[in-house]
file start10.txt (compact mmCIF, C-alpha atoms)
# COMPACT_ATOMS: atom_id res chain seq x y z
CA MET H 1458 -92.40 35.31 -156.17
CA LYS H 1459 -95.86 33.74 -156.15
CA GLN H 1460 -98.36 33.58 -159.00
CA PHE H 1461 -102.14 33.82 -158.81
CA VAL H 1462 -105.12 33.77 -161.18
CA ILE H 1463 -107.89 36.20 -160.24
CA THR H 1464 -111.32 36.31 -161.88
CA PRO H 1465 -113.04 39.67 -162.46
CA ALA H 1466 -115.42 38.95 -159.56
CA ALA H 1467 -112.54 38.12 -157.21
CA GLY H 1468 -110.77 41.27 -158.35
CA LYS H 1469 -113.81 43.37 -157.53
CA ARG H 1470 -113.96 41.87 -154.04
CA LEU H 1471 -110.25 42.48 -153.56
CA ILE H 1472 -110.61 46.11 -154.58
CA GLY H 1473 -113.58 46.50 -152.24
CA LYS H 1474 -111.67 45.14 -149.27
CA ALA H 1475 -108.70 47.41 -149.90
CA ILE H 1476 -110.58 50.65 -150.53
CA THR H 1477 -111.85 50.63 -146.95
CA ARG H 1478 -108.20 50.86 -145.83
CA HIS H 1479 -107.33 53.71 -148.17
CA ALA H 1480 -106.12 56.66 -146.06
CA ALA H 1481 -108.44 59.24 -147.66
CA VAL H 1482 -111.44 56.94 -147.37
CA ALA H 1483 -110.71 56.00 -143.77
CA ALA H 1484 -110.45 59.67 -142.83
CA ALA H 1485 -113.68 60.64 -144.61
CA ILE H 1486 -115.59 57.76 -143.05
CA LYS H 1487 -114.79 59.10 -139.59
CA LYS H 1488 -115.53 62.72 -140.37
CA GLY H 1489 -116.78 63.77 -143.76
CA THR H 1490 -118.79 62.44 -146.66
CA ILE H 1491 -118.13 59.52 -148.98
CA VAL H 1492 -120.17 58.99 -152.13
CA VAL H 1493 -119.93 55.55 -153.72
CA VAL H 1494 -121.47 55.98 -157.16
CA ALA H 1495 -123.43 52.92 -158.24
CA GLY H 1496 -121.61 50.36 -160.38
CA THR H 1497 -120.77 46.67 -160.25
CA THR H 1498 -117.23 47.14 -158.93
CA ASN H 1499 -118.41 49.84 -156.56
CA GLY H 1500 -121.05 47.42 -155.30
CA PHE H 1501 -118.23 45.51 -153.62
CA VAL H 1502 -116.68 48.77 -152.42
CA ALA H 1503 -119.96 49.89 -150.86
CA GLU H 1504 -120.64 46.48 -149.34
CA GLU H 1505 -117.23 46.29 -147.68
CA MET H 1506 -117.56 49.83 -146.29
CA LEU H 1507 -121.01 49.17 -144.89
CA LEU H 1508 -119.93 45.82 -143.44
CA ALA H 1509 -117.09 47.61 -141.64
CA LEU H 1510 -119.62 50.10 -140.26
CA GLY H 1511 -122.12 47.39 -139.32
CA GLN H 1512 -124.71 48.98 -141.64
CA ALA H 1513 -124.90 46.54 -144.57
CA LYS H 1514 -128.17 44.83 -143.62
CA GLU H 1515 -130.34 46.65 -146.17
CA PHE H 1516 -127.75 46.94 -148.96
CA ARG H 1517 -127.99 44.74 -152.08
CA ARG H 1518 -125.34 44.65 -154.80
CA ASN H 1519 -127.43 43.08 -157.55
CA ARG H 1520 -129.16 46.35 -158.54
CA PHE H 1521 -126.37 48.73 -157.61
CA TYR H 1522 -125.72 50.17 -161.05
CA ARG H 1523 -127.15 52.67 -163.52
CA GLY H 1524 -125.77 51.16 -166.73
CA ILE H 1525 -124.36 47.70 -167.36
CA ILE H 1526 -122.63 45.84 -170.20
CA LEU H 1527 -124.08 42.43 -171.04
CA PRO H 1528 -123.47 39.80 -173.75
CA PRO H 1529 -125.08 40.47 -177.16
CA ALA H 1530 -127.72 37.83 -176.40
CA ARG H 1531 -129.15 40.16 -173.76
CA PRO H 1532 -129.05 43.66 -175.23
CA THR H 1533 -129.47 46.83 -173.23
CA THR H 1534 -130.69 50.25 -174.23
CA SER H 1535 -128.30 52.85 -175.67
CA THR H 1536 -127.55 54.05 -172.13
CA GLY H 1537 -126.69 50.56 -170.89
CA ARG H 1538 -129.94 50.05 -168.99
CA LEU H 1539 -131.91 46.83 -168.81
CA SER H 1540 -135.49 46.78 -169.99
CA ASP H 1541 -136.42 44.90 -166.81
CA GLU H 1542 -134.35 47.07 -164.47
CA GLY H 1543 -135.97 47.42 -161.06
CA LYS H 1544 -136.18 50.51 -158.91
CA PHE H 1545 -132.78 52.10 -158.46
CA PRO H 1546 -131.85 52.01 -154.73
CA GLY H 1547 -129.62 55.08 -154.83
CA ASP H 1548 -125.88 55.54 -154.50
CA VAL H 1549 -124.20 54.85 -151.18
CA VAL H 1550 -123.68 58.10 -149.32
CA ILE H 1551 -121.92 57.88 -145.94
CA ARG H 1552 -121.81 61.01 -143.82
CA ASP H 1553 -119.78 60.99 -140.59
CA GLY H 1554 -119.95 57.20 -140.56
CA VAL H 1555 -123.72 56.95 -141.13
CA PHE H 1556 -125.29 55.46 -144.27
CA GLN H 1557 -127.72 57.99 -145.77
CA ARG H 1558 -130.18 55.54 -147.35
CA GLY H 1559 -131.85 56.47 -150.62
CA LYS H 1560 -129.53 59.38 -151.41
CA THR H 1561 -127.70 59.85 -154.71
CA ILE H 1562 -124.74 61.93 -155.78
CA PHE H 1563 -127.22 64.43 -157.23
CA ASP H 1564 -128.67 65.00 -153.74
CA VAL H 1565 -125.36 65.76 -152.04
CA ILE H 1566 -123.04 67.16 -154.71
CA ASP H 1567 -123.46 70.79 -153.59
CA ASP H 1568 -122.56 69.89 -150.00
CA LEU H 1569 -119.27 68.12 -150.74
CA ARG H 1570 -116.09 69.81 -149.60
CA GLU H 1571 -112.33 69.25 -149.55
CA GLY H 1572 -111.62 66.08 -147.58
CA ASP H 1573 -114.72 64.33 -148.90
CA VAL H 1574 -114.36 61.44 -151.35
CA ILE H 1575 -116.22 60.33 -154.46
CA LEU H 1576 -115.70 56.78 -155.71
CA LYS H 1577 -116.69 56.22 -159.32
CA GLY H 1578 -116.09 53.14 -161.48
CA ALA H 1579 -114.52 53.28 -164.95
CA ASN H 1580 -114.72 51.41 -168.24
CA ALA H 1581 -111.16 51.79 -169.48
CA VAL H 1582 -107.85 51.99 -167.67
CA ASP H 1583 -104.38 52.86 -168.92
CA LEU H 1584 -102.08 51.13 -166.44
CA ILE H 1585 -98.89 52.71 -167.75
CA HIS H 1586 -100.02 56.32 -167.36
CA ARG H 1587 -102.44 55.54 -164.53
CA ARG H 1588 -105.45 57.11 -166.19
CA ALA H 1589 -109.04 55.99 -166.60
CA ALA H 1590 -111.97 56.79 -168.85
CA ILE H 1591 -115.71 56.32 -168.55
CA LEU H 1592 -118.29 55.41 -171.17
CA ILE H 1593 -120.96 58.11 -171.40
CA GLY H 1594 -124.51 57.39 -172.51
CA ASP H 1595 -126.22 60.34 -170.83
CA PRO H 1596 -126.44 63.64 -172.79
CA LYS H 1597 -125.38 65.53 -169.67
CA ALA H 1598 -122.35 63.28 -168.99
CA GLY H 1599 -124.09 61.31 -166.25
CA THR H 1600 -122.79 61.00 -162.71
CA ILE H 1601 -119.17 61.78 -163.61
CA GLY H 1602 -120.27 65.09 -165.12
CA VAL H 1603 -121.90 65.98 -161.81
CA ALA H 1604 -119.01 64.60 -159.72
CA LEU H 1605 -116.44 66.78 -161.48
CA GLN H 1606 -118.22 69.90 -160.24
CA ALA H 1607 -116.98 69.03 -156.76
CA VAL H 1608 -113.69 67.43 -157.81
CA VAL H 1609 -112.51 70.37 -159.89
CA GLY H 1610 -114.49 73.12 -158.18
CA ARG H 1611 -113.93 72.19 -154.53
CA ARG H 1612 -110.99 69.74 -154.47
CA VAL H 1613 -113.10 66.75 -153.49
CA ARG H 1614 -111.05 63.60 -153.98
CA LEU H 1615 -111.99 61.28 -156.85
CA ILE H 1616 -110.95 57.62 -156.63
CA LEU H 1617 -111.64 55.31 -159.56
CA PRO H 1618 -111.88 51.63 -158.53
CA VAL H 1619 -111.38 49.70 -161.78
CA GLY H 1620 -110.57 46.08 -162.51
CA LEU H 1621 -107.62 45.00 -164.62
CA GLU H 1622 -109.96 43.39 -167.14
CA LYS H 1623 -110.74 46.95 -168.29
CA ARG H 1624 -107.19 47.70 -169.38
CA VAL H 1625 -106.83 49.25 -172.83
CA TYR H 1626 -103.95 49.89 -175.15
CA GLY H 1627 -103.60 53.37 -176.55
CA ASN H 1628 -103.82 57.01 -175.60
CA LEU H 1629 -107.14 57.63 -173.84
CA ASP H 1630 -107.44 61.14 -175.25
CA GLU H 1631 -107.00 59.84 -178.80
CA LEU H 1632 -109.48 57.02 -178.17
CA ALA H 1633 -111.96 59.56 -176.80
CA ALA H 1634 -111.49 61.80 -179.84
CA THR H 1635 -112.41 58.86 -182.08
CA MET H 1636 -115.49 57.87 -180.07
CA ASN H 1637 -116.68 61.44 -179.56
CA GLU H 1638 -116.45 62.48 -183.21
CA PRO H 1639 -119.67 64.21 -184.32
CA GLY H 1640 -121.86 61.87 -186.33
CA THR H 1641 -120.77 58.70 -184.55
CA ARG H 1642 -123.24 56.57 -182.62
CA GLU H 1643 -123.32 54.68 -179.31
CA PRO H 1644 -121.57 55.81 -176.06
CA ARG H 1645 -118.91 58.49 -175.83
CA LEU H 1646 -115.65 58.12 -173.89
CA PHE H 1647 -114.60 60.57 -171.18
CA PRO H 1648 -111.03 60.47 -169.77
CA VAL H 1649 -111.20 61.84 -166.25
CA PRO H 1650 -108.77 63.04 -163.58
CA GLY H 1651 -108.59 60.91 -160.47
CA GLU H 1652 -106.72 58.17 -158.68
CA ILE H 1653 -107.08 54.75 -160.28
CA PHE H 1654 -107.25 51.82 -157.90
CA THR H 1655 -106.86 48.30 -159.31
CA GLU H 1656 -106.17 44.84 -157.92
CA LEU H 1657 -102.47 45.72 -158.07
CA ASP H 1658 -103.00 48.68 -155.75
CA ALA H 1659 -105.21 46.57 -153.49
CA ILE H 1660 -102.53 43.92 -153.00
CA ALA H 1661 -99.88 46.56 -152.32
CA LEU H 1662 -102.04 48.39 -149.79
CA LEU H 1663 -103.19 45.30 -147.90
CA THR H 1664 -99.97 43.27 -147.89
CA GLY H 1665 -97.04 45.49 -148.85
CA ALA H 1666 -96.18 43.11 -151.70
CA SER H 1667 -95.75 44.23 -155.30
CA ALA H 1668 -98.03 42.72 -157.95
CA GLN H 1669 -97.56 42.67 -161.71
CA LEU H 1670 -99.95 41.72 -164.49
CA VAL H 1671 -98.15 39.03 -166.49
CA ALA H 1672 -100.89 37.19 -168.45
CA ALA H 1673 -104.64 37.04 -168.83
CA GLY H 1674 -107.62 35.03 -170.03
CA GLY H 1675 -109.28 31.70 -169.42
CA VAL H 1676 -112.40 29.64 -170.07
CA CYS H 1677 -115.18 27.87 -168.15
CA GLY H 1678 -115.75 30.82 -165.88
CA ALA H 1679 -112.20 32.19 -166.00
CA GLU H 1680 -112.92 34.50 -168.94
CA GLY H 1681 -111.47 37.93 -168.25
CA SER H 1682 -109.19 36.60 -165.53
CA VAL H 1683 -105.74 38.03 -164.89
CA TRP H 1684 -102.53 36.24 -163.97
CA LEU H 1685 -100.54 38.12 -161.36
CA ALA H 1686 -96.96 37.74 -160.21
CA VAL H 1687 -96.62 38.88 -156.60
CA SER H 1688 -93.25 39.53 -155.00
CA GLY H 1689 -92.02 40.88 -151.70
CA LYS H 1690 -90.64 39.74 -148.38
CA PRO H 1691 -91.68 36.22 -147.39
CA ALA H 1692 -94.24 37.55 -144.91
CA GLN H 1693 -95.69 39.88 -147.56
CA GLU H 1694 -95.98 37.09 -150.13
CA LYS H 1695 -97.67 34.88 -147.56
CA ALA H 1696 -100.08 37.67 -146.66
CA ALA H 1697 -100.90 38.09 -150.35
CA GLU H 1698 -101.52 34.36 -150.68
CA VAL H 1699 -103.90 34.36 -147.71
CA LEU H 1700 -105.68 37.47 -149.01
CA ILE H 1701 -106.16 36.15 -152.53
CA LYS H 1702 -107.34 32.75 -151.29
CA SER H 1703 -110.01 34.57 -149.26
CA VAL H 1704 -111.55 36.09 -152.42
CA VAL H 1705 -110.62 33.61 -155.17
CA ASN H 1706 -113.99 31.83 -155.20
CA GLU H 1707 -116.13 34.98 -155.35
CA PRO H 1708 -119.15 34.11 -157.54
CA ALA H 1709 -119.71 35.92 -160.82
CA PHE H 1710 -122.20 38.77 -160.92
CA SER H 1711 -125.86 37.79 -161.20
CA PHE H 1712 -129.21 39.54 -160.84

call {"tool": "encode", "arguments": {"input": "start10.txt", "output": "structure tokens"}}
result
Amino acid sequence: MKQFVITPAAGKRLIGKAITRHAAVAAAIKKGTIVVVAGTTNGFVAEEMLLALGQAKEFRRNRFYRGIILPPARPTTSTGRLSDEGKFPGDVVIRDGVFQRGKTIFDVIDDLREGDVILKGANAVDLIHRRAAILIGDPKAGTIGVALQAVVGRRVRLILPVGLEKRVYGNLDELAATMNEPGTREPRLFPVPGEIFTELDAIALLTGASAQLVAAGGVCGAEGSVWLAVSGKPAQEKAAEVLIKSVVNEPAFSF
């Protein structure tokens, strides 16, 4: 068994690298449509996909989000938007291996069919029951409200890349009932169906090793970090070590 500390930024990069190898994603990249809904974790997902396709030249992660959570010293609006937010570049839509620049999920939702994939980040993850939930600031439930039209209506696959720092304790439905109570303020919480994909899944997919979350926290840039115990055959543990060393110094998010 080997142990590793992974920062949130390194975890996002790890998830991004692994998603490109996910069987459903790999199939849809070749023939079909993938929609990577804007978000900070999905920025890494989109970047890794476009790098693999040789189409990342015009993509920038630093504005690839609709809402964002910042420290209290830099408040956002009630929907999580920055007052100085620049022009939104669009989601990343890839159709038959070609990046459709400037498109959003709203532009393509009616065209999505079974075999296509939507990737949408989350704000809370229940690791035990493998469920995720999303904070909602939009009165029409935002991009996840639109995405579910295709997921539920046409069996489009929904994958939820989400970092371990977003783990929560408690039943997501009960937490949502509390946050969604009439008369309350601030964002709502929406538990959604879909496949969660964390750093643990990324390590398993890319190396075959099994990873467990055993501790967390840190200071001086390690805030939000997770301590993982990785076990497997010697070759798998070595592969995990090489993989994690390749992402461990990923810089923190900045504008």

call {"tool": "closest_residue", "arguments": {"input": "start10.txt", "among": "H:Val1494, H:Ala1466, H:Ile1486, H:Ala1634", "to": "Leu1621 in chain H", "atoms": "all atoms listed in the file"}}
result
H:Ala1466

call {"tool": "atom_distance", "arguments": {"input": "start10.txt", "atom1": "CA of Arg1614 in chain H", "atom2": "CA of Gly1511 in chain H"}}
result
24.5 Å

call {"tool": "residues_around", "arguments": {"input": "start10.txt", "residues": "range 1584-1601 of chain H", "least_positions_apart": "3", "cutoff": "6 Å", "atoms": "all atoms listed in the file", "output": "MDAnalysis selection string"}}
result
chainID H and resid 1536 1579:1581 1604 1644:1649

call {"tool": "residues_around", "arguments": {"input": "start10.txt", "residues": "Thr1477 in chain H", "least_positions_apart": "6", "cutoff": "7 Å", "atoms": "only C-alpha atoms", "output": "PyMOL selection string"}}
result
chain H and resi 1483+1505-1506

call {"tool": "write_last_selection", "arguments": {"input": "start10.txt", "atoms": "C-alpha atoms", "output": "mmCIF file, keeping the file's coordinate frame"}}
result
data_model
loop_
_atom_site.group_PDB
_atom_site.id
_atom_site.type_symbol
_atom_site.label_atom_id
_atom_site.label_comp_id
_atom_site.auth_asym_id
_atom_site.auth_seq_id
_atom_site.Cartn_x
_atom_site.Cartn_y
_atom_site.Cartn_z
ATOM 1 C CA ALA H 1483 -110.710 56.000 -143.770
ATOM 2 C CA GLU H 1505 -117.230 46.290 -147.680
ATOM 3 C CA MET H 1506 -117.560 49.830 -146.290
#

call {"tool": "atom_distance", "arguments": {"input": "start10.txt", "atom1": "CA of Leu1507 in chain H", "atom2": "CA of Ser1667 in chain H"}}
result
27.8 Å

call {"tool": "atom_distance", "arguments": {"input": "start10.txt", "atom1": "CA of Pro1528 in chain H", "atom2": "CA of Thr1464 in chain H"}}
result
17.3 Å

call {"tool": "residues_near_point", "arguments": {"input": "start10.txt", "point": "(-115.0, 60.3, -148.6)", "cutoff": "12 Å", "atoms": "only C-alpha atoms", "output": "PyMOL selection string"}}
result
chain H and resi 1476-1494+1503+1506+1549-1555+1569-1577+1608+1612-1616
